[in-house]
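Structure file data.cif (mmCIF, C-alpha atoms) is printed below.
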data_start
loop_
_atom_site.label_atom_id
_atom_site.label_comp_id
_atom_site.auth_asym_id
_atom_site.auth_seq_id
_atom_site.Cartn_x
_atom_site.Cartn_y
_atom_site.Cartn_z
CA MET P 10 10.60 -65.06 82.17
CA SER P 11 10.40 -62.83 79.14
CA GLU P 12 13.50 -61.07 78.01
CA SER P 13 13.39 -57.31 78.02
CA ILE P 14 13.76 -55.68 74.60
CA VAL P 15 16.50 -53.12 74.61
CA PRO P 16 16.13 -50.54 71.87
CA GLN P 17 19.04 -50.24 69.51
CA LEU P 18 20.54 -46.79 69.44
CA PRO P 19 21.58 -45.51 66.03
CA THR P 20 25.22 -45.34 65.32
CA GLY P 21 27.03 -43.09 62.84
CA PRO P 22 25.90 -39.81 61.29
CA GLN P 23 22.19 -39.37 60.81
CA GLU P 24 20.11 -37.06 58.57
CA PRO P 25 18.48 -34.20 60.46
CA THR P 26 14.80 -34.64 60.88
CA ALA P 27 12.48 -32.23 59.05
CA ARG P 28 10.88 -29.61 61.16
CA ALA P 29 7.59 -27.90 60.65
CA PRO P 30 7.97 -24.38 59.22
CA THR P 31 7.69 -21.65 61.70
CA ASP P 32 5.18 -18.86 61.48
CA TRP P 33 7.95 -16.48 60.35
CA LYS P 34 8.91 -18.68 57.39
CA THR P 35 5.29 -19.26 56.40
CA GLY P 36 4.64 -15.52 56.28
CA VAL P 37 7.69 -14.91 54.09
CA MET P 38 6.67 -17.61 51.62
CA GLN P 39 3.13 -16.30 51.36
CA LYS P 40 4.47 -12.79 50.81
CA ARG P 41 6.71 -14.03 48.01
CA ILE P 42 3.83 -15.90 46.38
CA ARG P 43 1.63 -12.81 46.53
CA ALA P 44 4.41 -10.70 44.99
CA ARG P 45 4.89 -13.25 42.20
CA TYR P 46 1.18 -13.28 41.40
CA ALA P 47 1.14 -9.48 41.45
CA LYS P 48 3.99 -9.37 38.92
CA GLU P 49 2.12 -11.76 36.67
CA ARG P 50 -1.02 -9.62 36.86
CA ARG P 51 0.99 -6.49 36.04
CA PHE P 52 2.64 -8.21 33.09
CA ARG P 53 -0.71 -9.31 31.73
CA PHE P 54 -2.12 -5.80 32.23
CA TRP P 55 0.73 -4.10 30.36
CA GLY P 56 0.58 -6.70 27.58
CA LEU P 57 -3.14 -6.11 27.16
CA ALA P 58 -2.56 -2.35 27.32
CA ALA P 59 0.03 -2.61 24.54
CA VAL P 60 -2.40 -4.53 22.33
CA VAL P 61 -5.27 -2.14 23.03
CA GLY P 62 -3.01 0.86 22.44
CA SER P 63 -1.80 -0.48 19.11
CA ALA P 64 -5.35 -1.24 18.02
CA GLY P 65 -6.43 2.22 19.16
CA PHE P 66 -3.73 3.96 17.12
CA LEU P 67 -4.65 1.87 14.09
CA ALA P 68 -8.34 2.69 14.52
CA PHE P 69 -7.49 6.39 14.95
CA LEU P 70 -5.47 6.31 11.72
CA LEU P 71 -8.23 4.60 9.75
CA VAL P 72 -10.97 6.84 11.13
CA THR P 73 -8.91 9.96 10.43
CA MET P 74 -8.16 8.88 6.86
CA LEU P 75 -11.80 8.02 6.24
CA TRP P 76 -13.04 11.26 7.79
CA GLN P 77 -10.65 13.41 5.77
CA GLY P 78 -10.68 11.35 2.58
CA ILE P 79 -14.37 10.64 2.11
CA GLY P 80 -14.74 14.08 0.57
CA GLY P 81 -12.20 13.18 -2.09
CA PHE P 82 -14.67 10.71 -3.55
CA GLN P 83 -17.35 13.40 -3.80
CA ARG P 84 -17.58 16.48 -5.96
CA THR P 85 -19.58 19.68 -5.73
CA GLU P 86 -21.11 20.55 -9.11
CA ILE P 87 -22.82 23.60 -10.53
CA ALA P 88 -25.62 23.39 -13.08
CA LEU P 89 -24.24 25.73 -15.75
CA PRO P 90 -26.73 26.93 -18.40
CA ILE P 91 -25.03 27.27 -21.80
CA ASP P 92 -26.58 28.75 -24.92
CA PHE P 93 -24.45 27.05 -27.59
CA PRO P 94 -25.96 28.92 -30.58
CA ALA P 95 -25.03 32.20 -28.89
CA LEU P 96 -21.46 31.00 -28.33
CA ALA P 97 -21.04 30.26 -32.04
CA LEU P 98 -18.42 27.55 -31.66
CA GLU P 99 -16.77 26.94 -35.02
CA VAL P 100 -17.06 23.15 -34.84
CA SER P 101 -18.82 21.00 -37.40
CA PRO P 102 -20.49 17.69 -36.51
CA ASP P 103 -18.03 15.91 -38.81
CA GLN P 104 -15.14 17.02 -36.61
CA LEU P 105 -16.76 15.35 -33.59
CA ASP P 106 -16.90 11.91 -35.17
CA ASP P 107 -13.19 11.25 -35.49
CA ALA P 108 -10.33 11.00 -33.03
CA GLY P 109 -9.58 14.72 -33.34
CA ALA P 110 -12.70 15.86 -31.51
CA ASP P 111 -10.72 16.98 -28.45
CA LEU P 112 -8.34 19.03 -30.56
CA ALA P 113 -11.18 20.55 -32.58
CA LEU P 114 -13.09 21.67 -29.47
CA ALA P 115 -9.95 23.03 -27.85
CA SER P 116 -9.03 24.94 -31.00
CA ALA P 117 -12.53 26.43 -31.13
CA GLY P 118 -11.92 28.08 -27.76
CA LEU P 119 -14.30 25.94 -25.73
CA GLN P 120 -12.51 26.70 -22.48
CA GLU P 121 -12.88 30.45 -22.91
CA GLN P 122 -16.49 30.11 -24.04
CA VAL P 123 -17.40 28.12 -20.94
CA SER P 124 -16.05 30.96 -18.78
CA VAL P 125 -18.12 33.41 -20.85
CA ALA P 126 -21.20 31.27 -20.24
CA ALA P 127 -20.50 31.25 -16.47
CA VAL P 128 -20.25 35.06 -16.42
CA ALA P 129 -23.51 35.35 -18.37
CA ALA P 130 -25.27 32.98 -15.97
CA PHE P 131 -23.92 34.05 -12.55
CA GLY P 132 -22.57 37.57 -13.01
CA PRO P 133 -19.10 39.09 -13.27
CA GLU P 134 -17.63 36.64 -10.74
CA GLY P 135 -19.21 33.61 -12.39
CA ALA P 136 -15.95 32.43 -13.93
CA SER P 137 -14.50 31.98 -10.43
CA TYR P 138 -17.40 29.74 -9.41
CA ILE P 139 -16.44 26.94 -11.79
CA SER P 140 -13.20 24.97 -11.77
CA GLU P 141 -10.47 25.13 -14.38
CA SER P 142 -11.52 21.68 -15.60
CA ALA P 143 -15.18 22.64 -16.08
CA TRP P 144 -14.72 22.87 -19.84
CA ILE P 145 -13.66 19.19 -19.88
CA ALA P 146 -17.09 18.22 -18.53
CA VAL P 147 -18.68 20.35 -21.27
CA ARG P 148 -16.44 18.72 -23.87
CA SER P 149 -17.50 15.25 -22.71
CA ALA P 150 -21.17 16.27 -22.94
CA ILE P 151 -20.67 17.53 -26.50
CA LYS P 152 -18.86 14.37 -27.57
CA SER P 153 -21.60 12.16 -26.13
CA ASP P 154 -24.40 14.21 -27.75
CA PRO P 155 -23.25 16.59 -30.54
CA SER P 156 -26.83 17.77 -31.05
CA ILE P 157 -26.59 20.03 -27.98
CA LEU P 158 -24.51 22.45 -30.06
CA THR P 159 -27.81 23.71 -31.47
CA LYS P 160 -29.59 24.00 -28.12
CA ARG P 161 -29.56 25.79 -24.79
CA VAL P 162 -28.83 23.17 -22.15
CA SER P 163 -27.73 22.97 -18.53
CA ILE P 164 -24.59 20.93 -17.87
CA ASP P 165 -23.27 19.93 -14.45
CA VAL P 166 -19.66 21.11 -14.18
CA PRO P 167 -17.32 20.89 -11.16
CA ALA P 168 -17.31 23.89 -8.86
CA SER P 169 -14.12 25.69 -7.97
CA SER P 170 -12.13 24.61 -4.94
CA ALA P 171 -13.20 27.68 -2.92
CA ILE P 172 -16.90 27.14 -3.64
CA ALA P 173 -16.62 23.40 -2.92
CA LEU P 174 -14.93 23.99 0.44
CA ALA P 175 -17.45 26.66 1.35
CA ALA P 176 -20.36 24.39 0.40
CA ASP P 177 -18.93 21.66 2.67
CA GLY P 178 -18.54 24.12 5.55
CA ASP P 179 -14.71 23.98 5.50
CA GLY P 180 -14.03 27.27 3.78
CA ASN P 181 -12.37 30.26 5.46
CA ASP P 182 -13.23 32.79 2.75
CA PRO P 183 -16.31 34.85 3.70
CA GLN P 184 -16.96 35.88 0.11
CA ALA P 185 -16.83 32.25 -1.10
CA THR P 186 -19.20 31.29 1.73
CA GLN P 187 -21.70 33.93 0.65
CA ASP P 188 -21.41 32.89 -2.99
CA ALA P 189 -21.92 29.23 -2.11
CA ALA P 190 -24.99 30.09 -0.03
CA ARG P 191 -26.43 32.13 -2.91
CA LEU P 192 -25.79 29.34 -5.41
CA ASN P 193 -27.28 26.80 -3.05
CA ALA P 194 -30.37 28.93 -2.57
CA ALA P 195 -30.70 29.16 -6.35
CA GLY P 196 -30.71 25.35 -6.52
CA VAL P 197 -27.73 25.06 -8.88
CA LEU P 198 -25.35 23.37 -6.42
CA SER P 199 -25.29 19.59 -6.05
CA ASN P 200 -23.01 17.03 -4.46
CA GLY P 201 -22.38 13.61 -5.99
CA PHE P 202 -19.88 10.80 -6.39
CA ASN P 203 -16.70 11.90 -8.15
CA VAL P 204 -16.25 9.32 -10.88
CA ASP P 205 -13.42 11.31 -12.45
CA PHE P 206 -11.31 10.76 -9.32
CA LEU P 207 -11.21 7.04 -10.10
CA THR P 208 -10.80 7.39 -13.86
CA GLY P 209 -8.60 10.48 -14.26
CA SER P 210 -4.95 11.39 -13.78
CA ASP P 211 -2.99 14.19 -12.17
CA ALA P 212 -3.95 17.83 -12.77
CA THR P 213 -3.15 21.28 -11.48
CA ASP P 214 -6.75 21.83 -10.34
CA PRO P 215 -7.70 19.81 -7.21
CA THR P 216 -11.28 19.45 -8.46
CA GLY P 217 -10.10 17.70 -11.62
CA VAL P 218 -7.41 15.32 -10.33
CA GLY P 219 -7.74 11.56 -10.60
CA ILE P 220 -6.02 8.51 -9.16
CA TRP P 221 -6.25 6.09 -12.07
CA GLY P 222 -2.96 7.17 -13.64
CA ALA P 223 -1.00 6.52 -10.43
CA LEU P 224 -2.95 3.34 -9.70
CA LYS P 225 -2.21 1.93 -13.15
CA GLY P 226 1.43 2.88 -12.72
CA SER P 227 1.52 0.99 -9.41
CA LEU P 228 -0.09 -2.06 -11.00
CA LEU P 229 2.44 -2.14 -13.84
CA THR P 230 5.37 -1.53 -11.49
CA MET P 231 4.27 -4.26 -9.06
CA LEU P 232 3.77 -6.67 -11.97
CA ILE P 233 7.33 -6.12 -13.18
CA THR P 234 8.62 -6.42 -9.62
CA LEU P 235 6.84 -9.74 -9.05
CA LEU P 236 7.85 -11.23 -12.40
CA ILE P 237 11.52 -10.50 -11.72
CA ALA P 238 11.94 -10.92 -7.96
CA PHE P 239 9.79 -14.00 -7.31
CA PRO P 240 11.36 -16.58 -9.68
CA ILE P 241 14.93 -15.36 -9.16
CA GLY P 242 14.49 -15.24 -5.39
CA VAL P 243 12.91 -18.71 -5.20
CA PHE P 244 15.50 -20.34 -7.47
CA SER P 245 18.31 -18.70 -5.49
CA ALA P 246 16.86 -20.03 -2.24
CA ILE P 247 16.55 -23.55 -3.69
CA TYR P 248 20.11 -23.57 -4.95
CA LEU P 249 21.62 -22.21 -1.73
CA GLU P 250 19.68 -24.63 0.45
CA GLU P 251 19.65 -27.80 -1.63
CA TYR P 252 22.60 -27.73 -4.05
CA ALA P 253 25.26 -25.21 -3.01
CA PRO P 254 28.30 -26.66 -1.23
CA LYS P 255 28.95 -25.49 2.30
CA ASN P 256 32.16 -23.50 2.08
CA ARG P 257 33.44 -19.98 2.66
CA TRP P 258 32.00 -18.70 -0.62
CA THR P 259 28.46 -19.72 0.21
CA ASP P 260 28.93 -18.27 3.70
CA LEU P 261 30.00 -14.99 2.09
CA ILE P 262 26.92 -15.08 -0.16
CA GLU P 263 24.62 -15.69 2.81
CA VAL P 264 26.12 -12.77 4.75
CA SER P 265 25.80 -10.52 1.69
CA ILE P 266 22.13 -11.42 1.22
CA ASN P 267 21.37 -10.74 4.88
CA ASN P 268 23.12 -7.38 4.65
CA LEU P 269 21.29 -6.44 1.46
CA ALA P 270 17.95 -7.02 3.19
CA ALA P 271 18.83 -4.22 5.65
CA VAL P 272 20.19 -1.69 3.12
CA PRO P 273 18.16 1.59 2.98
CA SER P 274 15.84 1.71 0.01
CA ILE P 275 17.31 4.92 -1.39
CA ILE P 276 20.55 3.04 -2.08
CA PHE P 277 18.65 0.82 -4.50
CA GLY P 278 17.30 3.98 -6.11
CA LEU P 279 20.85 5.19 -6.69
CA LEU P 280 21.71 1.76 -8.11
CA GLY P 281 18.75 1.91 -10.50
CA LEU P 282 19.73 5.43 -11.54
CA ALA P 283 23.32 4.39 -12.28
CA VAL P 284 22.63 1.03 -13.95
CA PHE P 285 19.21 1.14 -15.59
CA LEU P 286 19.12 4.81 -16.65
CA SER P 287 22.71 5.94 -17.08
CA PHE P 288 24.35 2.69 -18.25
CA MET P 289 21.53 0.77 -19.96
CA GLY P 290 19.69 3.85 -21.22
CA LEU P 291 16.19 2.66 -20.31
CA PRO P 292 13.35 5.21 -20.43
CA ARG P 293 13.10 7.49 -17.43
CA SER P 294 10.01 7.31 -15.17
CA ALA P 295 8.90 4.05 -16.79
CA PRO P 296 7.24 1.27 -14.76
CA LEU P 297 9.84 -1.11 -16.21
CA VAL P 298 12.69 0.74 -14.48
CA GLY P 299 10.68 1.16 -11.29
CA GLY P 300 9.80 -2.53 -11.21
CA MET P 301 13.42 -3.59 -11.78
CA THR P 302 14.64 -1.26 -9.02
CA LEU P 303 12.07 -2.53 -6.52
CA ALA P 304 12.82 -6.12 -7.54
CA LEU P 305 16.44 -5.63 -6.49
CA MET P 306 15.20 -4.27 -3.17
CA ILE P 307 12.84 -7.10 -2.21
CA MET P 308 14.81 -9.99 -3.69
CA PRO P 309 16.92 -10.55 -0.51
CA VAL P 310 13.72 -10.73 1.56
CA ILE P 311 12.30 -13.44 -0.72
CA VAL P 312 15.59 -15.38 -0.66
CA ILE P 313 15.78 -15.36 3.14
CA ALA P 314 12.13 -16.34 3.56
CA GLY P 315 12.48 -19.03 0.90
CA ARG P 316 15.52 -20.58 2.55
CA ASN P 317 13.80 -20.66 5.94
CA ALA P 318 10.71 -22.26 4.40
CA ILE P 319 12.75 -24.90 2.57
CA LYS P 320 14.79 -25.62 5.68
CA SER P 321 11.60 -26.20 7.69
CA VAL P 322 10.56 -29.15 5.50
CA PRO P 323 11.30 -32.36 7.48
CA PRO P 324 14.33 -34.34 6.19
CA SER P 325 12.25 -37.52 6.33
CA ILE P 326 10.25 -36.34 3.30
CA ARG P 327 13.46 -36.02 1.28
CA ASP P 328 14.68 -39.41 2.48
CA ALA P 329 11.37 -41.09 1.64
CA ALA P 330 11.32 -39.60 -1.86
CA LEU P 331 14.91 -40.64 -2.50
CA GLY P 332 14.16 -44.10 -1.11
CA ILE P 333 11.48 -44.77 -3.73
CA GLY P 334 13.78 -43.77 -6.57
CA ALA P 335 13.05 -40.07 -7.11
CA SER P 336 15.83 -37.95 -8.54
CA ARG P 337 17.22 -34.95 -6.73
CA ILE P 338 15.32 -32.47 -8.85
CA GLN P 339 12.10 -34.48 -8.46
CA VAL P 340 12.53 -34.38 -4.68
CA VAL P 341 12.92 -30.61 -4.76
CA PHE P 342 10.14 -29.69 -7.18
CA HIS P 343 7.62 -32.47 -6.40
CA HIS P 344 7.93 -32.64 -2.62
CA VAL P 345 10.04 -29.91 -0.98
CA LEU P 346 8.91 -26.88 -2.97
CA PRO P 347 5.13 -27.52 -2.64
CA LEU P 348 5.51 -27.89 1.13
CA ALA P 349 7.68 -24.76 1.39
CA LEU P 350 5.48 -22.65 -0.90
CA PRO P 351 3.29 -21.16 1.89
CA GLY P 352 6.37 -19.82 3.67
CA ILE P 353 7.79 -18.51 0.41
CA LEU P 354 4.53 -16.70 -0.34
CA THR P 355 4.62 -15.16 3.14
CA GLY P 356 8.04 -13.67 2.40
CA THR P 357 6.79 -12.49 -0.97
CA ILE P 358 3.82 -10.76 0.68
CA ILE P 359 6.14 -8.91 3.05
CA GLY P 360 8.45 -7.89 0.22
CA MET P 361 5.67 -6.73 -2.09
CA ALA P 362 3.99 -4.77 0.70
CA ARG P 363 7.28 -3.01 1.36
CA ALA P 364 7.76 -2.29 -2.34
CA LEU P 365 4.21 -0.94 -2.72
CA GLY P 366 4.80 1.75 -0.10
CA GLU P 367 8.27 2.82 -1.23
CA THR P 368 8.84 6.35 -2.48
CA ALA P 369 12.55 7.17 -2.14
CA PRO P 370 13.95 4.76 -4.78
CA LEU P 371 11.27 5.76 -7.28
CA LEU P 372 12.01 9.44 -6.78
CA MET P 373 15.63 8.74 -7.66
CA ILE P 374 14.70 7.25 -11.05
CA GLY P 375 12.38 10.13 -11.92
CA MET P 376 8.93 8.71 -11.18
CA ARG P 377 7.78 12.02 -9.70
CA ALA P 378 6.97 13.72 -12.99
CA PHE P 379 3.62 15.36 -13.70
CA ILE P 380 1.73 12.62 -15.57
CA ALA P 381 -1.50 13.93 -17.12
CA THR P 382 -2.41 10.70 -18.95
CA PRO P 383 -2.37 7.10 -17.66
CA PRO P 384 0.55 5.00 -18.95
CA GLY P 385 -0.22 2.74 -21.90
CA GLY P 386 2.55 0.23 -21.13
CA VAL P 387 5.65 -0.45 -19.07
CA PHE P 388 7.77 1.87 -21.25
CA ASP P 389 5.54 4.95 -20.90
CA PRO P 390 6.15 7.65 -18.27
CA ALA P 391 4.21 6.92 -15.09
CA THR P 392 4.03 7.53 -11.38
CA VAL P 393 2.87 5.36 -8.47
CA LEU P 394 0.46 5.86 -5.61
CA PRO P 395 2.99 6.71 -2.84
CA VAL P 396 4.71 9.27 -5.06
CA GLN P 397 1.35 10.75 -6.09
CA ILE P 398 0.37 11.08 -2.42
CA PHE P 399 3.71 12.77 -1.71
CA LEU P 400 3.21 15.25 -4.55
CA TRP P 401 -0.35 16.12 -3.53
CA SER P 402 0.60 16.56 0.11
CA ASP P 403 3.16 19.17 -0.96
CA GLN P 404 0.57 21.32 -2.77
CA VAL P 405 -0.47 24.68 -1.36
CA SER P 406 -4.16 24.49 -2.29
CA ARG P 407 -6.42 23.21 0.50
CA GLY P 408 -8.39 21.26 -2.07
CA PHE P 409 -5.57 18.72 -2.26
CA VAL P 410 -5.86 17.81 1.44
CA GLU P 411 -8.89 15.56 1.02
CA LYS P 412 -7.51 14.24 -2.27
CA THR P 413 -4.37 13.15 -0.44
CA SER P 414 -6.41 11.30 2.20
CA ALA P 415 -8.58 9.73 -0.51
CA ALA P 416 -5.45 8.53 -2.33
CA ILE P 417 -4.19 6.99 0.94
CA ILE P 418 -7.49 5.10 1.21
CA VAL P 419 -7.04 3.79 -2.33
CA LEU P 420 -3.48 2.72 -1.45
CA LEU P 421 -4.67 0.87 1.66
CA VAL P 422 -7.42 -0.88 -0.31
CA PHE P 423 -4.88 -1.85 -2.98
CA LEU P 424 -2.54 -3.24 -0.32
CA LEU P 425 -5.33 -5.19 1.39
CA ALA P 426 -6.49 -6.63 -1.94
CA MET P 427 -2.97 -7.71 -2.84
CA ASN P 428 -2.44 -9.30 0.57
CA ALA P 429 -5.83 -11.04 0.39
CA VAL P 430 -4.89 -12.69 -2.91
CA ALA P 431 -1.50 -13.74 -1.55
CA ILE P 432 -3.03 -15.14 1.66
CA TYR P 433 -5.58 -17.08 -0.38
CA LEU P 434 -2.80 -18.60 -2.48
CA ARG P 435 -0.79 -19.41 0.64
CA ASN P 436 -3.73 -21.19 2.29
CA ARG P 437 -4.55 -22.90 -1.01
CA PHE P 438 -1.13 -24.55 -1.20
CA GLU P 439 -0.59 -25.07 2.51
CA THR P 440 -0.08 -28.68 3.60
CA ARG P 441 -0.21 -29.80 7.23
CA TRP P 442 1.58 -32.82 8.57
#

Once more with this new file: its structure as structure tokens, please.
Amino acid sequence: MSESIVPQLPTGPQEPTARAPTDWKTGVMQKRIRARYAKERRFRFWGLAAVVGSAGFLAFLLVTMLWQGIGGFQRTEIALPIDFPALALEVSPDQLDDAGADLALASAGLQEQVSVAAVAAFGPEGASYISESAWIAVRSAIKSDPSILTKRVSIDVPASSAIALAADGDGNDPQATQDAARLNAAGVLSNGFNVDFLTGSDATDPTGVGIWGALKGSLLTMLITLLIAFPIGVFSAIYLEEYAPKNRWTDLIEVSINNLAAVPSIIFGLLGLAVFLSFMGLPRSAPLVGGMTLALMIMPVIVIAGRNAIKSVPPSIRDAALGIGASRIQVVFHHVLPLALPGILTGTIIGMARALGETAPLLMIGMRAFIATPPGGVFDPATVLPVQIFLWSDQVSRGFVEKTSAAIIVLLVFLLAMNAVAIYLRNRFETRW
């Protein structure tokens, strides 16, 4: 007879058995999942909207600058007939062969005679049709071909600001609009590329201004800034990261450098005014002083970026170099510095870009003077592109509006070119591991 199997009942506390979720709990979970996915979609939408908005503002800025500044690279000219024998300029051909040709032509009253020729060609108001710098175009034509002093020739000279604006359809003077239409019907008006804008300097007449003086001043100032800030900043970063002992003094230096990186730029202008001009007696408005002032401003940025780049180099590279017998300085300059150079160059790019657009510190050291000739060296008076843009934007004449936008375009191109060179160097020395 088979024994009956009696099931063993569990004894002691038991874990509760899992139960299937009810319809109520399933609905709540699905609602929470849908809400979570909706939040993610909204976050992605607003992130994309932020990117598109930023790109849209950038595109609007570039299009606006191009639309307003493209006219700055063009010039409206008038074909001015001049009868040089009738003018009777007291200038001999020998005076046009030496370096005093400009002085000889100015002393002979060329500027007044050009106005007389405009009145003879276009009537009593003819002198107002040509710009104040029209005689400079005539002077250049005489210097290039002195034989025209015995002829009657037609020379293209820049039109006045009112005629130029009226010819472009931007003028608000009815009389200038009628005069421009009459000159255009006569076939004496033309529009071409303004070479003088790229080769000239500042002037009181918007039709005769140029950007080369300010551009050369920016080049010299940035060169001085780079030559001073880059080596000092890199060597300071190497010492603080590789050689300096870790104590309260180095902590104080680190805090000071971080604070200097956030100091307003005008404070460095006051420092340059007090130290470089008042104490050291360096020439005012010189690219040397501007470069030294901007070097003080961007040096903390280079030090901070250099320290971060050096710190990012793996310690195993240092240990391996020391293990094969390299000295401490060989480890730094043969292994650590080449690997940290891309990061250092990135910090230098940021610092130089900031220095290129600065105006306040340069105004404090006097680099806002009227500079009619490009600087010949770092000791000559000069101005820079941001200051030149500031000065032109403050002018009353409407002719300076498009010149200001054109100068901004030149500044942006200069900045892009400088960044392109720096990025090329950074990629050239970049090492991946």

Just so the selection is clear, what residues does the PyMOL selection byres ((chain P and resi 189) around 12) cover here, as an MDAnalysis selection string? chainID P and resid 85:87 131 135 137:139 168:180 182:188 190:199

Any idea what's packed within 8 Å of Gly360 of chain P, counting only C-alpha atoms, ignoring anything in its chain fewer than 2 positions away? Could you give it as a ChimeraX atom specification? /P:307-308,310-311,356-358,362-364

So, with all atoms listed in the file as the atoms that count, which of P:Arg53, P:Asp403, P:Ala304, P:Ala246 lies closest to Ser274 of chain P?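 Looking at the shortest contact to Ser274 of chain P, the residue is P:Ala304.
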
Atomic separation - atom CA of Val410 of chain P relative to atom CA of Leu71 of chain P, Å: 15.8 Å

Per residue of segment 417-437 of chain P within 12 Å of segment 397-400 of chain P, what are the shortest atom pair and its distance in Å to one decimal, counting only C-alpha atoms, with rows by chain and residue number, as a tab-separated table?
residue	atom	partner	partner_atom	distance
P:Ile417	CA	P:Ile398	CA	7.0
P:Ile418	CA	P:Ile398	CA	10.5
P:Val419	CA	P:Ile398	CA	10.4
P:Leu420	CA	P:Ile398	CA	9.3

With 7 Å as the threshold, what does the neighbourhood of (8.1, -3.4, -7.5) contain in terms of residues, counting only C-alpha atoms? Coordinates are those of the file; answer as a tab-separated table (two decimals) with C-alpha atoms, keeping the file's coordinate frame.
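File written: selection.tsv
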chain	number	residue	atom	x	y	z
P	230	THR	CA	5.37	-1.53	-11.49
P	231	MET	CA	4.27	-4.26	-9.06
P	233	ILE	CA	7.33	-6.12	-13.18
P	234	THR	CA	8.62	-6.42	-9.62
P	235	LEU	CA	6.84	-9.74	-9.05
P	299	GLY	CA	10.68	1.16	-11.29
P	300	GLY	CA	9.80	-2.53	-11.21
P	301	MET	CA	13.42	-3.59	-11.78
P	303	LEU	CA	12.07	-2.53	-6.52
P	304	ALA	CA	12.82	-6.12	-7.54
P	361	MET	CA	5.67	-6.73	-2.09
P	364	ALA	CA	7.76	-2.29	-2.34
P	365	LEU	CA	4.21	-0.94	-2.72

Applying 8 Å and all atoms listed in the file, which residues near segment 315-324 of chain P remain after dropping the ones on its own chain fewer than 2 positions away? List them as a ChimeraX atom specification. /P:242-243,246-247,249-250,311-313,326-328,345-346,348-353,356

Within 12 Å of segment 329-331 of chain P, counting all atoms listed in the file, which residues qualify if same-chain residues fewer than 4 places away don't, as an MDAnalysis selection string? chainID P and resid 323:325 335:345

Nearest to Ala381 of chain P, chosen from P:Gly78, P:Gly65, P:Gly222, P:Pro133, with all atoms listed in the file counted in the distances: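 Smallest separation from Ala381 of chain P among the options: P:Gly222.
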
Could you give me, as an MDAnalysis selection string, the residues within 12 Å of Thr73 of chain P, counting all atoms listed in the file and dropping anything in the same chain fewer than 3 positions from it? chainID P and resid 65:70 76:79 411 414:415 417:418

8 Å contact set for Lys152 of chain P, all atoms listed in the file, chain neighbours under 3 positions out, as a ChimeraX atom specification: /P:105,110,148-149,155

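When only C-alpha atoms are used to measure the gap to Ile164 of chain P, the shortest distance among P:Gly209, P:Gly118, P:Gly366, P:Pro90 belongs to P:Pro90.
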
Local residues around (11.9, 8.1, -6.8), at most 12 Å away, using only C-alpha atoms, as an mmCIF file with C-alpha atoms, keeping the file's coordinate frame:
data_model
loop_
_atom_site.group_PDB
_atom_site.id
_atom_site.type_symbol
_atom_site.label_atom_id
_atom_site.label_comp_id
_atom_site.auth_asym_id
_atom_site.auth_seq_id
_atom_site.Cartn_x
_atom_site.Cartn_y
_atom_site.Cartn_z
ATOM 1 C CA SER P 274 15.840 1.710 0.010
ATOM 2 C CA ILE P 275 17.310 4.920 -1.390
ATOM 3 C CA ILE P 276 20.550 3.040 -2.080
ATOM 4 C CA PHE P 277 18.650 0.820 -4.500
ATOM 5 C CA GLY P 278 17.300 3.980 -6.110
ATOM 6 C CA LEU P 279 20.850 5.190 -6.690
ATOM 7 C CA LEU P 280 21.710 1.760 -8.110
ATOM 8 C CA GLY P 281 18.750 1.910 -10.500
ATOM 9 C CA LEU P 282 19.730 5.430 -11.540
ATOM 10 C CA ARG P 293 13.100 7.490 -17.430
ATOM 11 C CA SER P 294 10.010 7.310 -15.170
ATOM 12 C CA ALA P 295 8.900 4.050 -16.790
ATOM 13 C CA PRO P 296 7.240 1.270 -14.760
ATOM 14 C CA VAL P 298 12.690 0.740 -14.480
ATOM 15 C CA GLY P 299 10.680 1.160 -11.290
ATOM 16 C CA GLY P 300 9.800 -2.530 -11.210
ATOM 17 C CA THR P 302 14.640 -1.260 -9.020
ATOM 18 C CA LEU P 303 12.070 -2.530 -6.520
ATOM 19 C CA GLY P 366 4.800 1.750 -0.100
ATOM 20 C CA GLU P 367 8.270 2.820 -1.230
ATOM 21 C CA THR P 368 8.840 6.350 -2.480
ATOM 22 C CA ALA P 369 12.550 7.170 -2.140
ATOM 23 C CA PRO P 370 13.950 4.760 -4.780
ATOM 24 C CA LEU P 371 11.270 5.760 -7.280
ATOM 25 C CA LEU P 372 12.010 9.440 -6.780
ATOM 26 C CA MET P 373 15.630 8.740 -7.660
ATOM 27 C CA ILE P 374 14.700 7.250 -11.050
ATOM 28 C CA GLY P 375 12.380 10.130 -11.920
ATOM 29 C CA MET P 376 8.930 8.710 -11.180
ATOM 30 C CA ARG P 377 7.780 12.020 -9.700
ATOM 31 C CA ALA P 378 6.970 13.720 -12.990
ATOM 32 C CA ALA P 391 4.210 6.920 -15.090
ATOM 33 C CA THR P 392 4.030 7.530 -11.380
ATOM 34 C CA VAL P 393 2.870 5.360 -8.470
ATOM 35 C CA LEU P 394 0.460 5.860 -5.610
ATOM 36 C CA PRO P 395 2.990 6.710 -2.840
ATOM 37 C CA VAL P 396 4.710 9.270 -5.060
ATOM 38 C CA GLN P 397 1.350 10.750 -6.090
ATOM 39 C CA PHE P 399 3.710 12.770 -1.710
ATOM 40 C CA LEU P 400 3.210 15.250 -4.550
#

Quick check, in Å to one decimal: how far apart do atom CA of Ser227 of chain P and atom CA of Ala429 of chain P lie?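 Between these atoms lies a distance of 17.2 Å.
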
What is the distance, in Å and to one decimal place, between atom CA of Ser142 of chain P and atom CA of Gly217 of chain P?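 Spanning atom CA of Ser142 of chain P to atom CA of Gly217 of chain P is a straight-line distance of 5.8 Å.
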